[in-house]
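Data file: my_file-v8.csv. Format and content: CSV, C-alpha atoms.
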```
chain,number,residue,atom,x,y,z
A,1,MET,CA,-2.1,64.4,-144.8
A,2,LYS,CA,-2.2,64.4,-141.0
A,3,TYR,CA,0.4,61.6,-140.9
A,4,LEU,CA,2.5,63.4,-143.4
A,5,ASN,CA,2.7,66.4,-141.1
A,6,ILE,CA,3.6,64.3,-138.1
A,7,ILE,CA,6.4,62.5,-140.1
A,8,ALA,CA,7.7,65.9,-141.3
A,9,GLY,CA,7.6,67.3,-137.8
A,10,VAL,CA,9.5,64.3,-136.3
A,11,THR,CA,12.0,64.4,-139.2
A,12,LEU,CA,12.6,68.1,-138.5
A,13,LEU,CA,13.1,67.5,-134.8
A,14,LEU,CA,15.6,64.7,-135.5
A,15,PHE,CA,17.4,67.0,-138.0
A,16,ILE,CA,17.7,69.8,-135.5
A,17,GLY,CA,18.9,67.5,-132.7
A,18,ALA,CA,21.6,66.1,-135.0
A,19,CYS,CA,22.9,69.6,-135.6
A,20,SER,CA,24.2,70.1,-132.1
A,21,LYS,CA,27.7,71.6,-132.2
A,22,ASP,CA,30.6,70.2,-130.3
A,23,ALA,CA,33.8,71.9,-129.3
A,24,GLY,CA,35.7,73.3,-132.3
A,25,GLU,CA,35.7,76.0,-134.8
A,26,GLY,CA,32.5,77.8,-136.0
A,27,GLY,CA,31.8,80.0,-132.9
A,28,ASN,CA,32.7,83.4,-131.6
A,29,ALA,CA,34.8,82.5,-128.5
A,30,THR,CA,38.6,83.0,-128.1
A,31,ILE,CA,41.2,81.2,-126.1
A,32,ARG,CA,44.4,83.1,-125.5
A,33,GLY,CA,47.5,82.9,-123.3
A,34,LYS,CA,51.3,83.1,-123.1
A,35,LEU,CA,54.1,80.6,-123.2
A,36,HIS,CA,56.8,81.1,-120.6
A,37,ALA,CA,60.2,79.4,-120.8
A,38,ARG,CA,63.1,78.7,-118.4
A,39,TYR,CA,66.3,78.3,-120.3
A,40,TYR,CA,69.0,75.9,-119.1
A,41,ASN,CA,72.4,74.7,-120.1
A,42,ASP,CA,72.6,71.3,-121.8
A,43,LEU,CA,72.7,69.3,-118.6
A,44,PHE,CA,69.9,71.3,-117.0
A,45,THR,CA,72.1,72.2,-114.0
A,46,VAL,CA,72.3,76.0,-114.5
A,47,CYS,CA,69.3,78.2,-115.3
A,48,LEU,CA,70.4,80.7,-117.8
A,49,GLY,CA,67.3,82.8,-117.5
A,50,THR,CA,63.5,83.0,-118.0
A,51,ALA,CA,61.4,84.8,-120.6
A,52,TYR,CA,58.2,84.6,-122.5
A,53,ALA,CA,58.9,82.2,-125.4
A,54,PRO,CA,58.7,83.7,-129.0
A,55,ASP,CA,58.1,81.6,-132.1
A,56,GLU,CA,57.1,78.4,-130.4
A,57,ASP,CA,54.3,76.0,-131.3
A,58,VAL,CA,51.2,75.8,-129.2
A,59,TYR,CA,48.5,73.2,-129.9
A,60,ILE,CA,44.8,72.8,-129.1
A,61,VAL,CA,42.6,69.7,-128.9
A,62,TYR,CA,38.9,70.2,-129.5
A,63,GLY,CA,36.8,68.1,-127.1
A,64,ASP,CA,37.7,64.4,-127.1
A,65,ASP,CA,39.7,64.5,-130.4
A,66,PHE,CA,42.5,62.0,-130.5
A,67,THR,CA,45.1,64.3,-132.1
A,68,TYR,CA,45.6,68.0,-132.0
A,69,SER,CA,43.0,70.0,-133.9
A,70,ASN,CA,45.0,73.2,-134.6
A,71,ARG,CA,48.4,74.7,-134.0
A,72,VAL,CA,49.7,78.3,-133.8
A,73,ARG,CA,53.1,79.9,-133.2
A,74,THR,CA,53.6,82.3,-130.4
A,75,ASN,CA,54.2,86.0,-131.1
A,76,TYR,CA,57.3,87.9,-130.2
A,77,ASP,CA,56.1,88.3,-126.6
A,78,GLY,CA,55.1,84.6,-126.2
A,79,SER,CA,51.4,85.2,-126.7
A,80,TYR,CA,49.1,82.9,-128.7
A,81,GLU,CA,45.4,82.9,-129.6
A,82,PHE,CA,42.8,80.5,-130.9
A,83,ASP,CA,39.8,82.2,-132.4
A,84,PHE,CA,36.3,81.3,-133.6
A,85,LEU,CA,35.6,78.5,-131.1
A,86,ARG,CA,32.3,77.1,-129.9
A,87,LYS,CA,31.3,76.1,-126.4
A,88,GLY,CA,33.0,73.0,-125.1
A,89,SER,CA,36.1,71.6,-123.5
A,90,TYR,CA,39.6,72.2,-124.9
A,91,LYS,CA,43.2,71.2,-124.1
A,92,VAL,CA,45.9,73.7,-124.9
A,93,TYR,CA,49.5,72.5,-124.7
A,94,ALA,CA,53.1,73.1,-125.7
A,95,TYR,CA,56.2,70.8,-125.5
A,96,SER,CA,58.9,71.2,-122.8
A,97,LYS,CA,62.3,69.6,-122.7
A,98,ASP,CA,62.6,66.7,-120.3
A,99,THR,CA,65.0,67.8,-117.5
A,100,THR,CA,64.9,64.3,-116.0
A,101,PHE,CA,66.2,62.5,-119.1
A,102,SER,CA,63.4,59.9,-118.7
A,103,GLU,CA,61.4,60.6,-121.9
A,104,PRO,CA,62.9,58.9,-124.9
A,105,SER,CA,61.9,61.8,-127.1
A,106,GLY,CA,63.5,64.3,-124.8
A,107,LYS,CA,60.3,66.3,-124.4
A,108,PHE,CA,56.8,66.1,-122.9
A,109,ALA,CA,53.5,68.0,-123.2
A,110,VAL,CA,52.5,70.7,-120.7
A,111,ILE,CA,48.7,70.7,-120.8
A,112,GLN,CA,46.1,73.3,-119.7
A,113,GLU,CA,42.4,72.3,-119.8
A,114,VAL,CA,40.0,75.0,-120.7
A,115,GLU,CA,36.2,75.3,-120.8
A,116,ILE,CA,34.2,77.7,-123.0
A,117,THR,CA,30.8,78.1,-121.5
A,118,LYS,CA,29.2,80.8,-123.6
A,119,SER,CA,29.4,82.5,-127.0
A,120,ASN,CA,31.7,85.5,-127.4
A,121,GLN,CA,33.7,84.4,-124.3
A,122,GLU,CA,37.4,85.2,-124.1
A,123,VAL,CA,39.2,82.6,-122.0
A,124,LEU,CA,42.6,83.5,-120.6
A,125,VAL,CA,44.8,80.4,-120.0
A,126,PRO,CA,47.3,80.6,-117.2
A,127,ASP,CA,50.9,80.8,-118.5
A,128,ILE,CA,52.1,77.5,-119.9
A,129,GLU,CA,55.6,76.9,-118.3
A,130,ILE,CA,58.1,75.1,-120.4
A,131,VAL,CA,61.8,74.3,-120.2
A,132,ASP,CA,63.9,75.1,-123.3
```
Structure rendered as structure tokens:
Amino acid sequence: MKYLNIIAGVTLLLFIGACSKDAGEGGNATIRGKLHARYYNDLFTVCLGTAYAPDEDVYIVYGDDFTYSNRVRTNYDGSYEFDFLRKGSYKVYAYSKDTTFSEPSGKFAVIQEVEITKSNQEVLVPDIEIVD
């Protein structure tokens, strides 16, 4: 019986240790920010204006994930928000047009790295600046 209790205790400790949560959904933290754009002519020689960018995709990568974990669209004022996140490291990004014409796709990712260190934390990301 004594050995059975020891085995049960060790199994319980291993089970609890295996349940550690990584970055991702399931928490109470929030990451929010705004997407700001500079608008140019087709050759990127004349800036036509700047504004917060409505209805644009913003992506988030949880921890060391290989691909994006979630995507949202910006609001009318360029704001976005990712809710219900746990402690951990995140990358938030949006795509910008390539003004140097060196990227074959014509765009590249503008990335902000973010760290959530406690539950219920609200992290404000500095404006992500893109060219559109």
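Pairwise distance (atom CA of A:Thr100, atom CA of A:Tyr59) equals 23.3 Å.
Using all atoms listed in the file, the shortest contact distance between A:Gly106 and any of A:Asp42, A:Glu122, A:Asp83, A:Asp55 is found at A:Asp42.
Picture a line from atom CA of A:Asn75 to atom CA of A:Ala53; it runs 8.3 Å.
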Exercise for the section: Have a look at A:Glu129, A:Arg73, A:Gly78, A:Ala23 and name the one nearest to A:Lys91; count only C-alpha atoms. Expected result: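 Among A:Glu129, A:Arg73, A:Gly78, A:Ala23, it is A:Ala23 that comes nearest to A:Lys91.
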Practice task
Would you work out the distance separating atom CA of A:Lys97 from atom CA of A:Pro126, expressed in Å to one decimal?
Solution key: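 It comes out at 19.4 Å.
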Exercise for the section: Fewer than 4 positions away in the same chain doesn't count, so skip those; otherwise give me all residues within 9 Å of A:Ala37, counting all atoms listed in the file, as a ChimeraX atom specification. Expected result: /A:49-53,96,128-132
Exercise for the section: Excluding A:Asp64 and residues on its chain fewer than 4 positions from it, collect all residues at most 12 Å away from it, counting all atoms listed in the file, and give them as a list in words. Expected result: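 These residues fall inside the cut-off: Asp22, Ala23, Gly24, Ile60, Tyr68, Ser69, Gly88, Ser89, Tyr90, Lys91 and Glu113 of chain A.
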Exercise for the section: Considering all atoms listed in the file, state which residue in the set A:Tyr62, A:Arg71, A:Phe82, A:Asp57 is at the smallest distance from A:Tyr95. Expected result: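 The shortest atom-to-atom distance to A:Tyr95 comes from A:Asp57.
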Contacts between stretch 28-34 of chain A and stretch 77-118 of chain A, please, where a residue of stretch 77-118 of chain A counts if it comes within 9 Å (with only C-alpha atoms); show its shortest atom pair and distance in Å to one decimal, rows by chain and ascending number, as JSON lines.
```
{"residue": "A:Asp77", "atom": "CA", "partner": "A:Lys34", "partner_atom": "CA", "distance": 7.9}
{"residue": "A:Gly78", "atom": "CA", "partner": "A:Lys34", "partner_atom": "CA", "distance": 5.1}
{"residue": "A:Ser79", "atom": "CA", "partner": "A:Lys34", "partner_atom": "CA", "distance": 4.2}
{"residue": "A:Tyr80", "atom": "CA", "partner": "A:Gly33", "partner_atom": "CA", "distance": 5.6}
{"residue": "A:Glu81", "atom": "CA", "partner": "A:Arg32", "partner_atom": "CA", "distance": 4.2}
{"residue": "A:Phe82", "atom": "CA", "partner": "A:Ile31", "partner_atom": "CA", "distance": 5.1}
{"residue": "A:Asp83", "atom": "CA", "partner": "A:Thr30", "partner_atom": "CA", "distance": 4.5}
{"residue": "A:Phe84", "atom": "CA", "partner": "A:Asn28", "partner_atom": "CA", "distance": 4.6}
{"residue": "A:Leu85", "atom": "CA", "partner": "A:Ala29", "partner_atom": "CA", "distance": 4.8}
{"residue": "A:Arg86", "atom": "CA", "partner": "A:Ala29", "partner_atom": "CA", "distance": 6.1}
{"residue": "A:Lys87", "atom": "CA", "partner": "A:Ala29", "partner_atom": "CA", "distance": 7.6}
{"residue": "A:Val92", "atom": "CA", "partner": "A:Ile31", "partner_atom": "CA", "distance": 8.9}
{"residue": "A:Val114", "atom": "CA", "partner": "A:Ile31", "partner_atom": "CA", "distance": 8.3}
{"residue": "A:Ile116", "atom": "CA", "partner": "A:Ala29", "partner_atom": "CA", "distance": 7.3}
{"residue": "A:Lys118", "atom": "CA", "partner": "A:Ala29", "partner_atom": "CA", "distance": 7.6}
```
Output C-alpha atoms of each residue in that selection to a file, as a JSON list (two decimals), keeping the file's coordinate frame.
```json
[["chain", "number", "residue", "atom", "x", "y", "z"],
["A", 77, "ASP", "CA", 56.10, 88.30, -126.60],
["A", 78, "GLY", "CA", 55.10, 84.60, -126.20],
["A", 79, "SER", "CA", 51.40, 85.20, -126.70],
["A", 80, "TYR", "CA", 49.10, 82.90, -128.70],
["A", 81, "GLU", "CA", 45.40, 82.90, -129.60],
["A", 82, "PHE", "CA", 42.80, 80.50, -130.90],
["A", 83, "ASP", "CA", 39.80, 82.20, -132.40],
["A", 84, "PHE", "CA", 36.30, 81.30, -133.60],
["A", 85, "LEU", "CA", 35.60, 78.50, -131.10],
["A", 86, "ARG", "CA", 32.30, 77.10, -129.90],
["A", 87, "LYS", "CA", 31.30, 76.10, -126.40],
["A", 92, "VAL", "CA", 45.90, 73.70, -124.90],
["A", 114, "VAL", "CA", 40.00, 75.00, -120.70],
["A", 116, "ILE", "CA", 34.20, 77.70, -123.00],
["A", 118, "LYS", "CA", 29.20, 80.80, -123.60]]
```
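Residue nearest A:Tyr40, chosen from A:Gln121, A:Ser105, A:Thr99, A:Gln112 and counting all atoms listed in the file: A:Thr99.
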Put stretch 111-126 of chain A into a file with all heavy atoms, as a PDB file, in the first residue's frame.
```
ATOM      1  N   ILE A 111       7.237  43.337 -37.811  1.00  0.00           N
ATOM      2  CA  ILE A 111       7.010  42.512 -36.624  1.00  0.00           C
ATOM      3  C   ILE A 111       7.310  43.290 -35.345  1.00  0.00           C
ATOM      4  O   ILE A 111       8.320  43.973 -35.249  1.00  0.00           O
ATOM      5  CB  ILE A 111       7.899  41.253 -36.677  1.00  0.00           C
ATOM      6  CG1 ILE A 111       7.632  40.467 -37.963  1.00  0.00           C
ATOM      7  CG2 ILE A 111       7.684  40.388 -35.444  1.00  0.00           C
ATOM      8  CD1 ILE A 111       8.632  39.368 -38.218  1.00  0.00           C
ATOM      9  N   GLN A 112       6.418  43.137 -34.364  1.00  0.00           N
ATOM     10  CA  GLN A 112       6.637  43.639 -33.006  1.00  0.00           C
ATOM     11  C   GLN A 112       6.635  42.429 -32.073  1.00  0.00           C
ATOM     12  O   GLN A 112       5.713  41.611 -32.116  1.00  0.00           O
ATOM     13  CB  GLN A 112       5.524  44.601 -32.576  1.00  0.00           C
ATOM     14  CG  GLN A 112       5.473  45.882 -33.345  1.00  0.00           C
ATOM     15  CD  GLN A 112       6.507  46.882 -32.852  1.00  0.00           C
ATOM     16  OE1 GLN A 112       7.265  46.617 -31.913  1.00  0.00           O
ATOM     17  NE2 GLN A 112       6.540  48.030 -33.484  1.00  0.00           N
ATOM     18  N   GLU A 113       7.661  42.293 -31.226  1.00  0.00           N
ATOM     19  CA  GLU A 113       7.708  41.214 -30.247  1.00  0.00           C
ATOM     20  C   GLU A 113       7.113  41.713 -28.934  1.00  0.00           C
ATOM     21  O   GLU A 113       7.390  42.830 -28.506  1.00  0.00           O
ATOM     22  CB  GLU A 113       9.123  40.711 -30.075  1.00  0.00           C
ATOM     23  CG  GLU A 113       9.647  40.081 -31.342  1.00  0.00           C
ATOM     24  CD  GLU A 113      10.940  39.317 -31.150  1.00  0.00           C
ATOM     25  OE1 GLU A 113      11.295  38.998 -29.991  1.00  0.00           O
ATOM     26  OE2 GLU A 113      11.582  39.043 -32.169  1.00  0.00           O
ATOM     27  N   VAL A 114       6.297  40.849 -28.320  1.00  0.00           N
ATOM     28  CA  VAL A 114       5.540  41.227 -27.127  1.00  0.00           C
ATOM     29  C   VAL A 114       5.688  40.120 -26.089  1.00  0.00           C
ATOM     30  O   VAL A 114       5.717  38.946 -26.432  1.00  0.00           O
ATOM     31  CB  VAL A 114       4.045  41.411 -27.474  1.00  0.00           C
ATOM     32  CG1 VAL A 114       3.239  41.783 -26.255  1.00  0.00           C
ATOM     33  CG2 VAL A 114       3.867  42.436 -28.569  1.00  0.00           C
ATOM     34  N   GLU A 115       5.750  40.506 -24.824  1.00  0.00           N
ATOM     35  CA  GLU A 115       5.842  39.545 -23.724  1.00  0.00           C
ATOM     36  C   GLU A 115       4.691  39.799 -22.753  1.00  0.00           C
ATOM     37  O   GLU A 115       4.495  40.929 -22.292  1.00  0.00           O
ATOM     38  CB  GLU A 115       7.178  39.701 -23.009  1.00  0.00           C
ATOM     39  CG  GLU A 115       7.415  38.723 -21.903  1.00  0.00           C
ATOM     40  CD  GLU A 115       7.875  37.367 -22.407  1.00  0.00           C
ATOM     41  OE1 GLU A 115       8.378  37.287 -23.538  1.00  0.00           O
ATOM     42  OE2 GLU A 115       7.721  36.391 -21.650  1.00  0.00           O
ATOM     43  N   ILE A 116       3.941  38.757 -22.436  1.00  0.00           N
ATOM     44  CA  ILE A 116       2.931  38.817 -21.374  1.00  0.00           C
ATOM     45  C   ILE A 116       3.549  38.136 -20.171  1.00  0.00           C
ATOM     46  O   ILE A 116       3.966  36.982 -20.247  1.00  0.00           O
ATOM     47  CB  ILE A 116       1.628  38.122 -21.799  1.00  0.00           C
ATOM     48  CG1 ILE A 116       0.984  38.873 -22.957  1.00  0.00           C
ATOM     49  CG2 ILE A 116       0.672  38.011 -20.609  1.00  0.00           C
ATOM     50  CD1 ILE A 116      -0.254  38.214 -23.524  1.00  0.00           C
ATOM     51  N   THR A 117       3.619  38.873 -19.054  1.00  0.00           N
ATOM     52  CA  THR A 117       4.304  38.357 -17.869  1.00  0.00           C
ATOM     53  C   THR A 117       3.370  37.997 -16.721  1.00  0.00           C
ATOM     54  O   THR A 117       3.804  37.384 -15.761  1.00  0.00           O
ATOM     55  CB  THR A 117       5.331  39.385 -17.362  1.00  0.00           C
ATOM     56  OG1 THR A 117       4.653  40.621 -17.072  1.00  0.00           O
ATOM     57  CG2 THR A 117       6.413  39.633 -18.411  1.00  0.00           C
ATOM     58  N   LYS A 118       2.085  38.384 -16.807  1.00  0.00           N
ATOM     59  CA  LYS A 118       1.150  38.055 -15.726  1.00  0.00           C
ATOM     60  C   LYS A 118      -0.273  37.959 -16.261  1.00  0.00           C
ATOM     61  O   LYS A 118      -0.593  38.481 -17.328  1.00  0.00           O
ATOM     62  CB  LYS A 118       1.237  39.087 -14.600  1.00  0.00           C
ATOM     63  CG  LYS A 118       0.957  40.506 -15.036  1.00  0.00           C
ATOM     64  CD  LYS A 118       1.203  41.475 -13.901  1.00  0.00           C
ATOM     65  CE  LYS A 118       1.006  42.894 -14.433  1.00  0.00           C
ATOM     66  NZ  LYS A 118       1.236  43.888 -13.426  1.00  0.00           N
ATOM     67  N   SER A 119      -1.105  37.276 -15.507  1.00  0.00           N
ATOM     68  CA  SER A 119      -2.509  37.135 -15.873  1.00  0.00           C
ATOM     69  C   SER A 119      -3.208  38.488 -15.835  1.00  0.00           C
ATOM     70  O   SER A 119      -2.780  39.398 -15.124  1.00  0.00           O
ATOM     71  CB  SER A 119      -3.226  36.191 -14.905  1.00  0.00           C
ATOM     72  OG  SER A 119      -2.665  34.912 -14.980  1.00  0.00           O
ATOM     73  N   ASN A 120      -4.240  38.642 -16.624  1.00  0.00           N
ATOM     74  CA  ASN A 120      -5.039  39.869 -16.688  1.00  0.00           C
ATOM     75  C   ASN A 120      -4.252  41.076 -17.182  1.00  0.00           C
ATOM     76  O   ASN A 120      -4.703  42.207 -17.035  1.00  0.00           O
ATOM     77  CB  ASN A 120      -5.682  40.194 -15.342  1.00  0.00           C
ATOM     78  CG  ASN A 120      -6.657  39.133 -14.910  1.00  0.00           C
ATOM     79  OD1 ASN A 120      -7.416  38.613 -15.718  1.00  0.00           O
ATOM     80  ND2 ASN A 120      -6.641  38.799 -13.639  1.00  0.00           N
ATOM     81  N   GLN A 121      -3.086  40.867 -17.746  1.00  0.00           N
ATOM     82  CA  GLN A 121      -2.268  41.970 -18.243  1.00  0.00           C
ATOM     83  C   GLN A 121      -2.810  42.459 -19.582  1.00  0.00           C
ATOM     84  O   GLN A 121      -3.262  41.664 -20.407  1.00  0.00           O
ATOM     85  CB  GLN A 121      -0.822  41.511 -18.404  1.00  0.00           C
ATOM     86  CG  GLN A 121       0.146  42.604 -18.776  1.00  0.00           C
ATOM     87  CD  GLN A 121       1.587  42.104 -18.826  1.00  0.00           C
ATOM     88  OE1 GLN A 121       1.856  40.918 -18.701  1.00  0.00           O
ATOM     89  NE2 GLN A 121       2.508  43.017 -19.014  1.00  0.00           N
ATOM     90  N   GLU A 122      -2.785  43.767 -19.777  1.00  0.00           N
ATOM     91  CA  GLU A 122      -3.128  44.370 -21.061  1.00  0.00           C
ATOM     92  C   GLU A 122      -1.855  44.991 -21.625  1.00  0.00           C
ATOM     93  O   GLU A 122      -1.322  45.934 -21.059  1.00  0.00           O
ATOM     94  CB  GLU A 122      -4.211  45.428 -20.906  1.00  0.00           C
ATOM     95  CG  GLU A 122      -5.555  44.845 -20.528  1.00  0.00           C
ATOM     96  CD  GLU A 122      -6.671  45.876 -20.503  1.00  0.00           C
ATOM     97  OE1 GLU A 122      -6.470  47.014 -20.972  1.00  0.00           O
ATOM     98  OE2 GLU A 122      -7.742  45.530 -19.999  1.00  0.00           O
ATOM     99  N   VAL A 123      -1.367  44.430 -22.725  1.00  0.00           N
ATOM    100  CA  VAL A 123      -0.126  44.890 -23.333  1.00  0.00           C
ATOM    101  C   VAL A 123      -0.474  45.755 -24.539  1.00  0.00           C
ATOM    102  O   VAL A 123      -1.206  45.322 -25.424  1.00  0.00           O
ATOM    103  CB  VAL A 123       0.760  43.702 -23.768  1.00  0.00           C
ATOM    104  CG1 VAL A 123       2.014  44.198 -24.463  1.00  0.00           C
ATOM    105  CG2 VAL A 123       1.096  42.834 -22.575  1.00  0.00           C
ATOM    106  N   LEU A 124       0.052  46.973 -24.537  1.00  0.00           N
ATOM    107  CA  LEU A 124      -0.151  47.885 -25.658  1.00  0.00           C
ATOM    108  C   LEU A 124       1.083  47.818 -26.556  1.00  0.00           C
ATOM    109  O   LEU A 124       2.186  48.134 -26.131  1.00  0.00           O
ATOM    110  CB  LEU A 124      -0.380  49.315 -25.167  1.00  0.00           C
ATOM    111  CG  LEU A 124      -0.683  50.350 -26.235  1.00  0.00           C
ATOM    112  CD1 LEU A 124      -1.955  49.991 -26.997  1.00  0.00           C
ATOM    113  CD2 LEU A 124      -0.833  51.717 -25.613  1.00  0.00           C
ATOM    114  N   VAL A 125       0.873  47.409 -27.800  1.00  0.00           N
ATOM    115  CA  VAL A 125       1.950  47.288 -28.770  1.00  0.00           C
ATOM    116  C   VAL A 125       2.185  48.664 -29.403  1.00  0.00           C
ATOM    117  O   VAL A 125       1.220  49.342 -29.758  1.00  0.00           O
ATOM    118  CB  VAL A 125       1.573  46.266 -29.869  1.00  0.00           C
ATOM    119  CG1 VAL A 125       2.655  46.150 -30.916  1.00  0.00           C
ATOM    120  CG2 VAL A 125       1.269  44.918 -29.250  1.00  0.00           C
ATOM    121  N   PRO A 126       3.438  49.079 -29.550  1.00  0.00           N
ATOM    122  CA  PRO A 126       3.679  50.330 -30.292  1.00  0.00           C
ATOM    123  C   PRO A 126       3.074  50.217 -31.701  1.00  0.00           C
ATOM    124  O   PRO A 126       2.979  49.115 -32.249  1.00  0.00           O
ATOM    125  CB  PRO A 126       5.209  50.416 -30.368  1.00  0.00           C
ATOM    126  CG  PRO A 126       5.693  49.563 -29.244  1.00  0.00           C
ATOM    127  CD  PRO A 126       4.678  48.479 -29.075  1.00  0.00           C
TER     128      PRO A 126
END
```
